[in-house]
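my_file.txt follows; it contains compact mmCIF, N, CA, C and O atoms.
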# COMPACT_ATOMS: atom_id res chain seq x y z
N MET J 6 0.83 -1.19 0.00
CA MET J 6 0.00 0.00 0.00
C MET J 6 0.87 1.25 0.00
O MET J 6 0.61 2.19 -0.72
N LYS J 7 1.93 1.28 0.84
CA LYS J 7 2.79 2.45 0.90
C LYS J 7 3.49 2.70 -0.43
O LYS J 7 3.72 3.84 -0.82
N GLY J 8 3.84 1.64 -1.11
CA GLY J 8 4.49 1.77 -2.42
C GLY J 8 3.59 2.45 -3.43
O GLY J 8 4.04 3.24 -4.25
N ASN J 9 2.29 2.12 -3.37
CA ASN J 9 1.33 2.74 -4.29
C ASN J 9 1.19 4.23 -4.02
O ASN J 9 1.13 5.02 -4.96
N ILE J 10 1.16 4.62 -2.76
CA ILE J 10 1.04 6.04 -2.40
C ILE J 10 2.29 6.78 -2.84
O ILE J 10 2.22 7.88 -3.40
N GLY J 11 3.44 6.19 -2.61
CA GLY J 11 4.70 6.80 -3.05
C GLY J 11 4.74 6.99 -4.55
O GLY J 11 5.18 8.03 -5.05
N GLN J 12 4.27 5.99 -5.28
CA GLN J 12 4.24 6.06 -6.75
C GLN J 12 3.26 7.14 -7.19
O GLN J 12 3.55 7.91 -8.11
N LEU J 13 2.11 7.21 -6.54
CA LEU J 13 1.13 8.26 -6.87
C LEU J 13 1.69 9.65 -6.61
O LEU J 13 1.48 10.57 -7.40
N MET J 14 2.40 9.82 -5.51
CA MET J 14 2.99 11.12 -5.18
C MET J 14 4.05 11.49 -6.23
O MET J 14 4.12 12.64 -6.65
N LYS J 15 4.82 10.52 -6.64
CA LYS J 15 5.85 10.77 -7.65
C LYS J 15 5.20 11.17 -8.98
O LYS J 15 5.64 12.11 -9.64
N GLN J 16 4.13 10.47 -9.35
CA GLN J 16 3.41 10.81 -10.57
C GLN J 16 2.79 12.21 -10.48
O GLN J 16 2.82 12.97 -11.45
N ALA J 17 2.25 12.54 -9.33
CA ALA J 17 1.64 13.87 -9.14
C ALA J 17 2.69 14.96 -9.24
O ALA J 17 2.45 16.01 -9.86
N GLN J 18 3.85 14.73 -8.68
CA GLN J 18 4.93 15.73 -8.77
C GLN J 18 5.40 15.89 -10.21
O GLN J 18 5.65 17.00 -10.66
N GLN J 19 5.50 14.79 -10.92
CA GLN J 19 5.93 14.84 -12.32
C GLN J 19 4.88 15.59 -13.15
O GLN J 19 5.22 16.41 -14.00
N MET J 20 3.60 15.30 -12.89
CA MET J 20 2.54 15.98 -13.62
C MET J 20 2.56 17.47 -13.32
O MET J 20 2.41 18.30 -14.22
N GLN J 21 2.79 17.83 -12.07
CA GLN J 21 2.86 19.24 -11.69
C GLN J 21 4.02 19.94 -12.42
O GLN J 21 3.87 21.05 -12.92
N GLU J 22 5.15 19.29 -12.50
CA GLU J 22 6.30 19.86 -13.21
C GLU J 22 6.00 20.00 -14.70
O GLU J 22 6.33 21.02 -15.31
N ASN J 23 5.37 18.98 -15.28
CA ASN J 23 5.00 19.05 -16.70
C ASN J 23 4.02 20.18 -16.96
O ASN J 23 4.11 20.89 -17.97
N MET J 24 3.07 20.37 -16.06
CA MET J 24 2.09 21.45 -16.21
C MET J 24 2.78 22.81 -16.09
O MET J 24 2.46 23.75 -16.83
N ARG J 25 3.73 22.94 -15.19
CA ARG J 25 4.46 24.20 -15.03
C ARG J 25 5.21 24.53 -16.32
O ARG J 25 5.16 25.66 -16.81
N ARG J 26 5.87 23.53 -16.88
CA ARG J 26 6.61 23.74 -18.13
C ARG J 26 5.66 24.10 -19.27
O ARG J 26 5.96 24.98 -20.09
N ALA J 27 4.52 23.42 -19.32
CA ALA J 27 3.54 23.71 -20.38
C ALA J 27 3.01 25.14 -20.25
O ALA J 27 2.84 25.84 -21.25
N GLN J 28 2.77 25.58 -19.02
CA GLN J 28 2.30 26.95 -18.82
C GLN J 28 3.35 27.97 -19.24
O GLN J 28 3.03 29.00 -19.81
N GLU J 29 4.62 27.66 -18.99
CA GLU J 29 5.70 28.54 -19.45
C GLU J 29 5.73 28.59 -20.98
O GLU J 29 5.91 29.66 -21.56
N GLU J 30 5.56 27.43 -21.61
CA GLU J 30 5.52 27.39 -23.07
C GLU J 30 4.36 28.19 -23.62
O GLU J 30 4.50 28.92 -24.60
N LEU J 31 3.20 28.05 -22.98
CA LEU J 31 2.02 28.77 -23.44
C LEU J 31 2.20 30.28 -23.31
O LEU J 31 1.71 31.05 -24.14
N ALA J 32 2.93 30.71 -22.30
CA ALA J 32 3.19 32.14 -22.12
C ALA J 32 4.04 32.68 -23.27
O ALA J 32 3.98 33.87 -23.59
N GLN J 33 4.81 31.79 -23.92
CA GLN J 33 5.65 32.20 -25.05
C GLN J 33 5.01 31.93 -26.41
O GLN J 33 5.43 32.50 -27.42
N THR J 34 4.00 31.07 -26.45
CA THR J 34 3.35 30.71 -27.71
C THR J 34 2.43 31.84 -28.15
O THR J 34 1.62 32.33 -27.38
N GLU J 35 2.58 32.25 -29.41
CA GLU J 35 1.77 33.34 -29.93
C GLU J 35 0.78 32.83 -30.97
O GLU J 35 1.08 31.91 -31.73
N VAL J 36 -0.41 33.43 -30.98
CA VAL J 36 -1.44 33.16 -31.98
C VAL J 36 -1.84 34.50 -32.60
O VAL J 36 -1.66 35.55 -31.98
N GLU J 37 -2.37 34.43 -33.82
CA GLU J 37 -2.81 35.64 -34.48
C GLU J 37 -4.29 35.56 -34.78
O GLU J 37 -4.76 34.57 -35.33
N GLY J 38 -5.02 36.59 -34.39
CA GLY J 38 -6.42 36.70 -34.73
C GLY J 38 -6.57 37.80 -35.76
O GLY J 38 -5.74 38.71 -35.83
N GLN J 39 -7.60 37.69 -36.59
CA GLN J 39 -7.81 38.72 -37.59
C GLN J 39 -9.28 38.91 -37.88
O GLN J 39 -10.11 38.06 -37.57
N SER J 40 -9.58 40.06 -38.44
CA SER J 40 -10.94 40.36 -38.85
C SER J 40 -10.88 41.23 -40.11
O SER J 40 -9.81 41.71 -40.49
N GLY J 41 -12.03 41.41 -40.74
CA GLY J 41 -12.09 42.23 -41.95
C GLY J 41 -11.22 41.68 -43.06
O GLY J 41 -10.53 42.43 -43.74
N ALA J 42 -11.24 40.37 -43.24
CA ALA J 42 -10.44 39.70 -44.28
C ALA J 42 -8.96 40.06 -44.17
O ALA J 42 -8.26 40.26 -45.15
N GLY J 43 -8.47 40.15 -42.93
CA GLY J 43 -7.05 40.40 -42.69
C GLY J 43 -6.68 41.87 -42.60
O GLY J 43 -5.51 42.19 -42.43
N LEU J 44 -7.66 42.77 -42.65
CA LEU J 44 -7.36 44.20 -42.56
C LEU J 44 -6.92 44.59 -41.15
O LEU J 44 -6.17 45.55 -40.97
N VAL J 45 -7.40 43.86 -40.15
CA VAL J 45 -6.98 44.09 -38.77
C VAL J 45 -6.47 42.77 -38.22
O VAL J 45 -7.14 41.75 -38.33
N LYS J 46 -5.26 42.81 -37.65
CA LYS J 46 -4.66 41.61 -37.09
C LYS J 46 -4.14 41.91 -35.69
O LYS J 46 -3.70 43.02 -35.42
N MET J 47 -4.21 40.89 -34.84
CA MET J 47 -3.71 41.03 -33.48
C MET J 47 -2.95 39.76 -33.12
O MET J 47 -3.41 38.66 -33.37
N THR J 48 -1.77 39.96 -32.55
CA THR J 48 -0.96 38.84 -32.08
C THR J 48 -0.93 38.87 -30.56
O THR J 48 -0.71 39.93 -29.96
N MET J 49 -1.19 37.72 -29.95
CA MET J 49 -1.17 37.62 -28.49
C MET J 49 -0.65 36.27 -28.07
O MET J 49 -0.62 35.34 -28.87
N THR J 50 -0.22 36.18 -26.82
CA THR J 50 0.24 34.90 -26.29
C THR J 50 -0.96 34.08 -25.84
O THR J 50 -2.07 34.60 -25.72
N CYS J 51 -0.71 32.81 -25.57
CA CYS J 51 -1.78 31.95 -25.05
C CYS J 51 -2.09 32.24 -23.59
O CYS J 51 -2.94 31.60 -23.00
N LYS J 52 -1.42 33.22 -23.03
CA LYS J 52 -1.76 33.74 -21.70
C LYS J 52 -2.45 35.09 -21.85
O LYS J 52 -2.55 35.86 -20.91
N PHE J 53 -2.89 35.40 -23.08
CA PHE J 53 -3.72 36.56 -23.40
C PHE J 53 -3.01 37.90 -23.28
O PHE J 53 -3.64 38.92 -23.05
N ALA J 54 -1.69 37.92 -23.45
CA ALA J 54 -0.94 39.18 -23.51
C ALA J 54 -0.86 39.61 -24.97
O ALA J 54 -0.25 38.92 -25.78
N VAL J 55 -1.49 40.74 -25.30
CA VAL J 55 -1.47 41.23 -26.68
C VAL J 55 -0.07 41.75 -26.98
O VAL J 55 0.48 42.57 -26.26
N LYS J 56 0.51 41.25 -28.07
CA LYS J 56 1.87 41.61 -28.46
C LYS J 56 1.91 42.62 -29.60
O LYS J 56 2.82 43.43 -29.68
N LYS J 57 0.92 42.56 -30.50
CA LYS J 57 0.97 43.43 -31.67
C LYS J 57 -0.43 43.60 -32.26
O LYS J 57 -1.19 42.64 -32.32
N VAL J 58 -0.74 44.82 -32.68
CA VAL J 58 -1.97 45.10 -33.41
C VAL J 58 -1.56 45.75 -34.73
O VAL J 58 -0.78 46.69 -34.74
N THR J 59 -2.07 45.22 -35.84
CA THR J 59 -1.77 45.77 -37.16
C THR J 59 -3.08 46.16 -37.82
O THR J 59 -3.98 45.34 -37.95
N ILE J 60 -3.17 47.42 -38.22
CA ILE J 60 -4.36 47.93 -38.91
C ILE J 60 -3.93 48.38 -40.30
O ILE J 60 -3.02 49.20 -40.46
N ASP J 61 -4.59 47.82 -41.32
CA ASP J 61 -4.28 48.17 -42.69
C ASP J 61 -4.47 49.67 -42.90
O ASP J 61 -5.47 50.24 -42.45
N PRO J 62 -3.52 50.32 -43.56
CA PRO J 62 -3.61 51.78 -43.77
C PRO J 62 -4.88 52.24 -44.47
O PRO J 62 -5.32 53.38 -44.27
N THR J 63 -5.50 51.38 -45.26
CA THR J 63 -6.71 51.79 -45.96
C THR J 63 -7.88 52.02 -45.01
O THR J 63 -8.86 52.66 -45.38
N LEU J 64 -7.79 51.53 -43.78
CA LEU J 64 -8.87 51.69 -42.81
C LEU J 64 -8.81 53.01 -42.05
O LEU J 64 -9.78 53.44 -41.45
N VAL J 65 -7.67 53.64 -42.03
CA VAL J 65 -7.48 54.81 -41.19
C VAL J 65 -8.47 55.92 -41.53
O VAL J 65 -8.97 56.60 -40.65
N GLY J 66 -8.79 56.09 -42.79
CA GLY J 66 -9.71 57.15 -43.18
C GLY J 66 -11.17 56.78 -43.02
O GLY J 66 -12.04 57.61 -43.21
N GLU J 67 -11.46 55.54 -42.67
CA GLU J 67 -12.86 55.10 -42.57
C GLU J 67 -13.46 55.40 -41.21
O GLU J 67 -12.81 55.95 -40.32
N ASP J 68 -14.68 54.99 -41.04
CA ASP J 68 -15.47 55.22 -39.83
C ASP J 68 -14.77 54.64 -38.59
O ASP J 68 -14.40 53.48 -38.55
N LYS J 69 -14.61 55.47 -37.57
CA LYS J 69 -13.94 55.07 -36.33
C LYS J 69 -14.65 53.90 -35.65
O LYS J 69 -14.00 52.98 -35.16
N ASP J 70 -15.97 53.91 -35.63
CA ASP J 70 -16.72 52.83 -34.98
C ASP J 70 -16.45 51.48 -35.66
O ASP J 70 -16.31 50.47 -34.99
N MET J 71 -16.39 51.49 -36.99
CA MET J 71 -16.11 50.24 -37.69
C MET J 71 -14.71 49.74 -37.35
O MET J 71 -14.52 48.55 -37.12
N LEU J 72 -13.74 50.63 -37.30
CA LEU J 72 -12.38 50.25 -36.96
C LEU J 72 -12.33 49.63 -35.57
O LEU J 72 -11.70 48.60 -35.36
N GLU J 73 -13.02 50.24 -34.62
CA GLU J 73 -13.05 49.69 -33.26
C GLU J 73 -13.70 48.31 -33.24
O GLU J 73 -13.24 47.41 -32.54
N ASP J 74 -14.77 48.14 -34.01
CA ASP J 74 -15.44 46.83 -34.06
C ASP J 74 -14.51 45.77 -34.66
O ASP J 74 -14.48 44.63 -34.20
N LEU J 75 -13.75 46.14 -35.69
CA LEU J 75 -12.82 45.19 -36.31
C LEU J 75 -11.70 44.80 -35.34
O LEU J 75 -11.31 43.64 -35.27
N VAL J 76 -11.19 45.77 -34.58
CA VAL J 76 -10.14 45.47 -33.59
C VAL J 76 -10.70 44.52 -32.53
O VAL J 76 -10.05 43.54 -32.15
N MET J 77 -11.91 44.79 -32.07
CA MET J 77 -12.53 43.91 -31.07
C MET J 77 -12.72 42.50 -31.64
O MET J 77 -12.43 41.51 -30.96
N ALA J 78 -13.18 42.39 -32.88
CA ALA J 78 -13.38 41.08 -33.50
C ALA J 78 -12.05 40.34 -33.64
O ALA J 78 -11.99 39.12 -33.41
N ALA J 79 -10.99 41.04 -34.00
CA ALA J 79 -9.67 40.41 -34.12
C ALA J 79 -9.20 39.89 -32.77
O ALA J 79 -8.65 38.79 -32.67
N MET J 80 -9.42 40.68 -31.73
CA MET J 80 -9.00 40.24 -30.39
C MET J 80 -9.79 39.01 -29.96
O MET J 80 -9.21 38.06 -29.43
N ASN J 81 -11.08 39.02 -30.19
CA ASN J 81 -11.90 37.86 -29.82
C ASN J 81 -11.47 36.61 -30.59
O ASN J 81 -11.47 35.51 -30.05
N ASP J 82 -11.10 36.77 -31.86
CA ASP J 82 -10.62 35.64 -32.65
C ASP J 82 -9.32 35.10 -32.07
O ASP J 82 -9.15 33.88 -31.93
N ALA J 83 -8.41 36.00 -31.68
CA ALA J 83 -7.14 35.57 -31.08
C ALA J 83 -7.37 34.88 -29.74
O ALA J 83 -6.73 33.87 -29.44
N VAL J 84 -8.28 35.39 -28.93
CA VAL J 84 -8.59 34.77 -27.63
C VAL J 84 -9.13 33.36 -27.83
O VAL J 84 -8.72 32.42 -27.14
N ALA J 85 -10.03 33.19 -28.79
CA ALA J 85 -10.60 31.86 -29.05
C ALA J 85 -9.51 30.87 -29.47
O ALA J 85 -9.48 29.73 -29.02
N LYS J 86 -8.58 31.34 -30.31
CA LYS J 86 -7.49 30.46 -30.74
C LYS J 86 -6.55 30.15 -29.59
O LYS J 86 -6.07 29.02 -29.46
N ALA J 87 -6.27 31.12 -28.74
CA ALA J 87 -5.40 30.89 -27.58
C ALA J 87 -6.04 29.88 -26.63
O ALA J 87 -5.35 29.00 -26.11
N GLU J 88 -7.33 30.00 -26.41
CA GLU J 88 -8.02 29.04 -25.55
C GLU J 88 -7.96 27.63 -26.13
O GLU J 88 -7.76 26.66 -25.40
N ALA J 89 -8.13 27.50 -27.45
CA ALA J 89 -8.08 26.19 -28.09
C ALA J 89 -6.70 25.56 -27.95
O ALA J 89 -6.57 24.37 -27.64
N VAL J 90 -5.64 26.36 -28.16
CA VAL J 90 -4.28 25.85 -28.02
C VAL J 90 -4.03 25.43 -26.57
O VAL J 90 -3.44 24.38 -26.31
N THR J 91 -4.47 26.24 -25.62
CA THR J 91 -4.28 25.94 -24.21
C THR J 91 -4.99 24.64 -23.82
O THR J 91 -4.40 23.77 -23.16
N GLN J 92 -6.23 24.47 -24.24
CA GLN J 92 -6.98 23.26 -23.92
C GLN J 92 -6.32 22.02 -24.53
O GLN J 92 -6.20 21.00 -23.88
N ALA J 93 -5.86 22.15 -25.77
CA ALA J 93 -5.21 21.01 -26.43
C ALA J 93 -3.92 20.64 -25.71
O ALA J 93 -3.62 19.46 -25.50
N LYS J 94 -3.16 21.64 -25.30
CA LYS J 94 -1.88 21.40 -24.63
C LYS J 94 -2.09 20.77 -23.25
O LYS J 94 -1.38 19.85 -22.86
N MET J 95 -3.07 21.23 -22.52
CA MET J 95 -3.28 20.78 -21.15
C MET J 95 -4.08 19.47 -21.08
O MET J 95 -4.00 18.76 -20.08
N ALA J 96 -4.81 19.12 -22.11
CA ALA J 96 -5.64 17.91 -22.08
C ALA J 96 -4.81 16.65 -21.89
O ALA J 96 -5.27 15.69 -21.27
N GLY J 97 -3.59 16.64 -22.37
CA GLY J 97 -2.74 15.47 -22.25
C GLY J 97 -2.38 15.13 -20.81
O GLY J 97 -2.07 13.99 -20.50
N PHE J 98 -2.45 16.09 -19.92
CA PHE J 98 -2.06 15.85 -18.53
C PHE J 98 -3.08 15.00 -17.78
O PHE J 98 -2.74 14.31 -16.84
N THR J 99 -4.32 15.06 -18.16
CA THR J 99 -5.35 14.30 -17.45
C THR J 99 -5.68 12.99 -18.16
O THR J 99 -6.46 12.19 -17.65
N ALA J 100 -5.06 12.73 -19.29
CA ALA J 100 -5.40 11.56 -20.10
C ALA J 100 -5.22 10.23 -19.34
O ALA J 100 -6.06 9.37 -19.43
N GLY J 101 -4.16 10.08 -18.59
CA GLY J 101 -3.89 8.81 -17.92
C GLY J 101 -4.41 8.71 -16.50
O GLY J 101 -4.11 7.75 -15.81
N LEU J 102 -5.19 9.68 -16.06
CA LEU J 102 -5.62 9.69 -14.66
C LEU J 102 -6.92 8.94 -14.40
O LEU J 102 -7.32 8.77 -13.26
N ASN J 103 -7.62 8.53 -15.45
CA ASN J 103 -8.90 7.82 -15.31
C ASN J 103 -9.89 8.62 -14.45
O ASN J 103 -10.53 8.07 -13.55
N LEU J 104 -9.99 9.91 -14.71
CA LEU J 104 -10.93 10.75 -13.98
C LEU J 104 -12.34 10.55 -14.53
O LEU J 104 -12.51 10.27 -15.72
N PRO J 105 -13.36 10.70 -13.69
CA PRO J 105 -14.72 10.60 -14.18
C PRO J 105 -15.00 11.67 -15.23
O PRO J 105 -14.37 12.73 -15.21
N PRO J 106 -15.95 11.45 -16.14
CA PRO J 106 -16.27 12.43 -17.18
C PRO J 106 -16.58 13.80 -16.55
O PRO J 106 -17.29 13.89 -15.56
N GLY J 107 -16.04 14.83 -17.16
CA GLY J 107 -16.27 16.19 -16.66
C GLY J 107 -15.41 16.59 -15.50
O GLY J 107 -15.47 17.70 -15.00
N MET J 108 -14.58 15.69 -15.03
CA MET J 108 -13.75 15.95 -13.85
C MET J 108 -12.31 16.10 -14.30
O MET J 108 -11.55 15.14 -14.34
N GLY J 109 -11.94 17.30 -14.69
CA GLY J 109 -10.57 17.54 -15.14
C GLY J 109 -9.86 18.45 -14.16
O GLY J 109 -10.42 18.89 -13.15
N LEU J 110 -8.61 18.74 -14.47
CA LEU J 110 -7.85 19.66 -13.65
C LEU J 110 -8.10 21.08 -14.14
O LEU J 110 -8.26 21.30 -15.33
N PRO J 111 -8.11 22.07 -13.25
CA PRO J 111 -8.32 23.45 -13.68
C PRO J 111 -7.12 23.96 -14.45
O PRO J 111 -5.99 23.66 -14.12
N PHE J 112 -7.39 24.75 -15.48
CA PHE J 112 -6.31 25.33 -16.28
C PHE J 112 -6.43 26.79 -16.14
O PHE J 112 -6.30 27.66 -16.67

Using the file provided, produce a representation of the structure as structure tokens.
Amino acid sequence: MKGNIGQLMKQAQQMQENMRRAQEELAQTEVEGQSGAGLVKMTMTCKFAVKKVTIDPTLVGEDKDMLEDLVMAAMNDAVAKAEAVTQAKMAGFTAGLNLPPGMGLPF
């Protein structure tokens, strides 16, 4: 019995270390969201830090409200992609734990 607990503790520590490394990787991984057929682009990390916003020069003279809506849409697209990458990366950590359905680790 003690051997099983020791093995479980070792596995938990290894999983914790793997999760820490994955979170560090995600903080460095960048995704790009875009809107308006690429007229507005935003680059952010998978930890949701916006790194760059690019607005096509042809938009500068247009309606301010439309430009703001396009920037917001680009950010939302980038956030959705960052969440998808994060979920895919972290899903592997719970694969071998035989957890009940819906019972995962918080990310």

Using only C-alpha atoms, which of J:Leu72, J:Ala79, J:Ala54, J:Val65 sits nearest J:Ser40?
J:Ala79

Please measure the separation of atom CA of J:Val76 and atom CA of J:Glu37, giving the value in Å to one decimal.
12.3 Å

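When DSSP reads the backbone of this structure, the residues of chain J it assigns to strand (DSSP E) are Glu35, Val36, Glu37, Gly38, Gln39, Ser40, Val45, Lys46, Met47, Thr48, Met49, Thr50, Val55, Lys56, Lys57, Val58, Thr59 and Ile60 of chain J.
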
Taking 5 positions as the minimum chain separation for residues in the same chain, which residues sit within 7 Å of stretch 49-53 of chain J when counting all atoms listed in the file? Answer as a PDB file with N, CA, C and O atoms, in the coordinates of the input.
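Writing done, so here's around36.pdb:
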ATOM      1  N   GLN J  28       2.770  25.580 -19.020  1.00  0.00           N
ATOM      2  CA  GLN J  28       2.300  26.950 -18.820  1.00  0.00           C
ATOM      3  C   GLN J  28       3.350  27.970 -19.240  1.00  0.00           C
ATOM      4  O   GLN J  28       3.030  29.000 -19.810  1.00  0.00           O
ATOM      5  N   GLU J  30       5.560  27.430 -21.610  1.00  0.00           N
ATOM      6  CA  GLU J  30       5.520  27.390 -23.070  1.00  0.00           C
ATOM      7  C   GLU J  30       4.360  28.190 -23.620  1.00  0.00           C
ATOM      8  O   GLU J  30       4.500  28.920 -24.600  1.00  0.00           O
ATOM      9  N   LEU J  31       3.200  28.050 -22.980  1.00  0.00           N
ATOM     10  CA  LEU J  31       2.020  28.770 -23.440  1.00  0.00           C
ATOM     11  C   LEU J  31       2.200  30.280 -23.310  1.00  0.00           C
ATOM     12  O   LEU J  31       1.710  31.050 -24.140  1.00  0.00           O
ATOM     13  N   ALA J  32       2.930  30.710 -22.300  1.00  0.00           N
ATOM     14  CA  ALA J  32       3.190  32.140 -22.120  1.00  0.00           C
ATOM     15  C   ALA J  32       4.040  32.680 -23.270  1.00  0.00           C
ATOM     16  O   ALA J  32       3.980  33.870 -23.590  1.00  0.00           O
ATOM     17  N   GLN J  33       4.810  31.790 -23.920  1.00  0.00           N
ATOM     18  CA  GLN J  33       5.650  32.200 -25.050  1.00  0.00           C
ATOM     19  C   GLN J  33       5.010  31.930 -26.410  1.00  0.00           C
ATOM     20  O   GLN J  33       5.430  32.500 -27.420  1.00  0.00           O
ATOM     21  N   THR J  34       4.000  31.070 -26.450  1.00  0.00           N
ATOM     22  CA  THR J  34       3.350  30.710 -27.710  1.00  0.00           C
ATOM     23  C   THR J  34       2.430  31.840 -28.150  1.00  0.00           C
ATOM     24  O   THR J  34       1.620  32.330 -27.380  1.00  0.00           O
ATOM     25  N   GLU J  35       2.580  32.250 -29.410  1.00  0.00           N
ATOM     26  CA  GLU J  35       1.770  33.340 -29.930  1.00  0.00           C
ATOM     27  C   GLU J  35       0.780  32.830 -30.970  1.00  0.00           C
ATOM     28  O   GLU J  35       1.080  31.910 -31.730  1.00  0.00           O
ATOM     29  N   VAL J  36      -0.410  33.430 -30.980  1.00  0.00           N
ATOM     30  CA  VAL J  36      -1.440  33.160 -31.980  1.00  0.00           C
ATOM     31  C   VAL J  36      -1.840  34.500 -32.600  1.00  0.00           C
ATOM     32  O   VAL J  36      -1.660  35.550 -31.980  1.00  0.00           O
ATOM     33  N   GLU J  37      -2.370  34.430 -33.820  1.00  0.00           N
ATOM     34  CA  GLU J  37      -2.810  35.640 -34.480  1.00  0.00           C
ATOM     35  C   GLU J  37      -4.290  35.560 -34.780  1.00  0.00           C
ATOM     36  O   GLU J  37      -4.760  34.570 -35.330  1.00  0.00           O
ATOM     37  N   GLY J  38      -5.020  36.590 -34.390  1.00  0.00           N
ATOM     38  CA  GLY J  38      -6.420  36.700 -34.730  1.00  0.00           C
ATOM     39  C   GLY J  38      -6.570  37.800 -35.760  1.00  0.00           C
ATOM     40  O   GLY J  38      -5.740  38.710 -35.830  1.00  0.00           O
ATOM     41  N   ALA J  83      -8.410  36.000 -31.680  1.00  0.00           N
ATOM     42  CA  ALA J  83      -7.140  35.570 -31.080  1.00  0.00           C
ATOM     43  C   ALA J  83      -7.370  34.880 -29.740  1.00  0.00           C
ATOM     44  O   ALA J  83      -6.730  33.870 -29.440  1.00  0.00           O
ATOM     45  N   VAL J  84      -8.280  35.390 -28.930  1.00  0.00           N
ATOM     46  CA  VAL J  84      -8.590  34.770 -27.630  1.00  0.00           C
ATOM     47  C   VAL J  84      -9.130  33.360 -27.830  1.00  0.00           C
ATOM     48  O   VAL J  84      -8.720  32.420 -27.140  1.00  0.00           O
ATOM     49  N   LYS J  86      -8.580  31.340 -30.310  1.00  0.00           N
ATOM     50  CA  LYS J  86      -7.490  30.460 -30.740  1.00  0.00           C
ATOM     51  C   LYS J  86      -6.550  30.150 -29.590  1.00  0.00           C
ATOM     52  O   LYS J  86      -6.070  29.020 -29.460  1.00  0.00           O
ATOM     53  N   ALA J  87      -6.270  31.120 -28.740  1.00  0.00           N
ATOM     54  CA  ALA J  87      -5.400  30.890 -27.580  1.00  0.00           C
ATOM     55  C   ALA J  87      -6.040  29.880 -26.630  1.00  0.00           C
ATOM     56  O   ALA J  87      -5.350  29.000 -26.110  1.00  0.00           O
ATOM     57  N   GLU J  88      -7.330  30.000 -26.410  1.00  0.00           N
ATOM     58  CA  GLU J  88      -8.020  29.040 -25.550  1.00  0.00           C
ATOM     59  C   GLU J  88      -7.960  27.630 -26.130  1.00  0.00           C
ATOM     60  O   GLU J  88      -7.760  26.660 -25.400  1.00  0.00           O
ATOM     61  N   THR J  91      -4.470  26.240 -25.620  1.00  0.00           N
ATOM     62  CA  THR J  91      -4.280  25.940 -24.210  1.00  0.00           C
ATOM     63  C   THR J  91      -4.990  24.640 -23.820  1.00  0.00           C
ATOM     64  O   THR J  91      -4.400  23.770 -23.160  1.00  0.00           O
TER      65      THR J  91
END

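Using all atoms listed in the file, the nearest neighbour of J:Gln39 within the list J:Lys94, J:Met24, J:Met80, J:Asp70 is J:Met80.
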
Hey, which of J:Asp82, J:Ala27, J:Gly11, J:Leu75 ends up closest to J:Met95? Count only N, CA, C and O atoms.
J:Ala27

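Excluding J:Val58 and any residue on its chain fewer than 6 positions from it, the residues at most 5 Å away by all atoms listed in the file are J:Lys46, J:Met47, J:Thr48.
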
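Coordinates place atom N of J:Gly41 at a distance of 10.7 Å from atom C of J:Ile60.
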
Looking only at helix (DSSP H, G or I) from DSSP on the backbone, list the matching residues of chain J as a count of residues only.
64

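If you look at atom N of J:Met77 and atom O of J:Gln92, they are 25.8 Å away from each other.
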
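Compared by their closest atoms to J:Gly97, and using only C-alpha atoms, the residues J:Met20, J:Val55, J:Pro62, J:Asn9 rank with J:Met20 nearest.
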
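Considering all atoms listed in the file, the residue among J:Asp68, J:Lys56, J:Thr63, J:Phe98 positioned nearest to J:Asn23 is J:Phe98.
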